[in-house]
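Here is the structure we will look at, set down as structure tokens.
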Amino acid sequence: MDPLVTAQDFTNRQLDPPSPAAVAAASAAVRDAAGAPISAVTATVTLPGTRERWLPIPGPATAVTAVAIDGEAVTDHRVWPNALWRECGWGASHLPVTVALTFGLAVPDDIKQLVCELAIMASTADAIDPRLESETIDDYQVRYTAGTVSSIELPERTRELLRARFSGSAVVTGSR
């Protein structure tokens, strides 16, 4: 998956772009915390068929380019942000429904800022051992954290906010 920011995003913020590895790591950390890809994604998904009229899809869908039930193209459907609708339903549960679509939204500016800051911190962390917890000079002491620590570690409150913002789901209901 592409990083959440580009070199131009750093330039727009008057920042020097760090290494691509730092940008990739920062993007992965934010996506992991959010529990969602955040950016727009083009993919082909295979879902179990259903006799229901509504077929939940990843969303919000911005484009659906192909739909097939058990390999046979379907064109008599309507696209909603998080579902496809079809009058006669979507086959049966043993028939796969394949959907080629683009879903998700553009990366918000505040998330780009967060990723830029994390990437810069990750690139400068190479000079500092991320396991270093404290260091004193008089009567020299060094204290390291137990276990493995990444140079990119989001605070729990930030993780909670990202998860609440991006991993929520909508429910689609139908009536007759």
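Residues in the structure tokens are named by chain (A, B, ... in the order shown) and by number from 1 within that chain; ligands are numbered from 1 in the order shown.
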
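Backbone DSSP of region 3-105 of chain A yields helix (DSSP H, G or I) at Ala7, Gln8, Asp9, Phe10, Thr11, Asn12, Pro20, Ala21, Ala22, Val23, Ala24, Ala25, Ala26, Ser27, Ala28, Ala29, Val30, Arg31, Asp32, Ala33 and Ala34 of chain A.
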
| message | Residues of chain A classed as strand (DSSP E) by DSSP on the backbone are to be reported as a count of residues only. | response | 45

Can you build me a table of region 35-129 of chain A residues sitting at most 6 Å from region 3-27 of chain A, with the closest atom pair per residue and its distance in Å to one decimal, using only C-alpha atoms, sorted by chain and residue number, as JSON lines?
```
{"residue": "A:Lys112", "atom": "CA", "partner": "A:Val5", "partner_atom": "CA", "distance": 5.9}
{"residue": "A:Val115", "atom": "CA", "partner": "A:Ala26", "partner_atom": "CA", "distance": 5.6}
{"residue": "A:Leu118", "atom": "CA", "partner": "A:Ala26", "partner_atom": "CA", "distance": 5.5}
{"residue": "A:Ala119", "atom": "CA", "partner": "A:Ala22", "partner_atom": "CA", "distance": 4.9}
{"residue": "A:Ile120", "atom": "CA", "partner": "A:Pro18", "partner_atom": "CA", "distance": 5.9}
{"residue": "A:Ala122", "atom": "CA", "partner": "A:Ala22", "partner_atom": "CA", "distance": 5.7}
{"residue": "A:Ser123", "atom": "CA", "partner": "A:Ala22", "partner_atom": "CA", "distance": 5.7}
```

Could you take the residues named above and write them with N, CA and C atoms, as a CSV table (one decimal), in the first residue's frame?
```csv
chain,number,residue,atom,x,y,z
A,112,LYS,N,-2.0,13.7,7.4
A,112,LYS,CA,-0.8,13.9,6.7
A,112,LYS,C,0.3,14.6,7.6
A,115,VAL,N,1.6,12.0,10.1
A,115,VAL,CA,2.5,11.0,9.4
A,115,VAL,C,3.9,11.7,9.1
A,118,LEU,N,5.7,11.9,12.4
A,118,LEU,CA,6.2,10.6,12.9
A,118,LEU,C,7.4,10.2,12.0
A,119,ALA,N,7.3,10.4,10.7
A,119,ALA,CA,8.4,10.0,9.8
A,119,ALA,C,9.7,10.7,10.1
A,120,ILE,N,9.6,12.0,10.4
A,120,ILE,CA,10.8,12.8,10.8
A,120,ILE,C,11.3,12.2,12.1
A,122,ALA,N,11.0,9.2,13.3
A,122,ALA,CA,11.6,7.9,13.0
A,122,ALA,C,13.0,8.0,12.3
A,123,SER,N,13.1,9.0,11.5
A,123,SER,CA,14.4,9.1,10.8
A,123,SER,C,15.5,9.7,11.7
```

Enumerate, in order of chain and increasing residue number, the residues of region 19-88 of chain A with an atom no farther than 6 Å from region 154-169 of chain A, each with its shortest atom pair and distance in Å to one decimal, counting only C-alpha atoms, as a Markdown table.
```
| residue | atom | partner | partner_atom | distance |
| --- | --- | --- | --- | --- |
| A:Ala33 | CA | A:Arg159 | CA | 4.9 |
| A:Ala34 | CA | A:Arg163 | CA | 4.1 |
| A:Gly35 | CA | A:Ser167 | CA | 5.6 |
| A:Ala36 | CA | A:Ser167 | CA | 5.7 |
```

When you look at region 68-83 of chain A with a cut-off of 8 Å (counting only C-alpha atoms), what residues show up, excluding the ones that are within fewer than 6 positions of it in the same chain? I need them as a VMD selection string.
chain A and resid 49 54 to 62 90 to 91 95 to 99 170 172

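Contact shell of region 106-111 of chain A at 9 Å (only C-alpha atoms; same-chain neighbours under 5 positions omitted): Leu4, Val5, Val30, Ile38, Ser39, Ala40 and Cys116 of chain A.
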
One residue among A:Glu153, A:Ala66, A:Ala28, A:Cys88 is nearest to Thr42 (chain A) when using only C-alpha atoms, and that residue is A:Ala66

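Here CA of Glu87 (chain A) stands at a distance of 28.1 Å from CA of Leu105 (chain A).
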
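Taking CA of Arg51 (chain A) and CA of Arg86 (chain A) as endpoints, the distance between them is 9.8 Å.
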
- Message: Env of Pro37 (chain A): 8 Å cut, atoms = only C-alpha atoms, seq-sep filter 4 positions within chain, self excluded. Answer as a PyMOL selection string.
- Response: chain A and resi 31+41+104

- If you measure from CA of Thr50 (chain A) to CA of Thr65 (chain A), what distance in Å do you get, rounded to one decimal?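 Distance reported for this atom pair: 20.4 Å.
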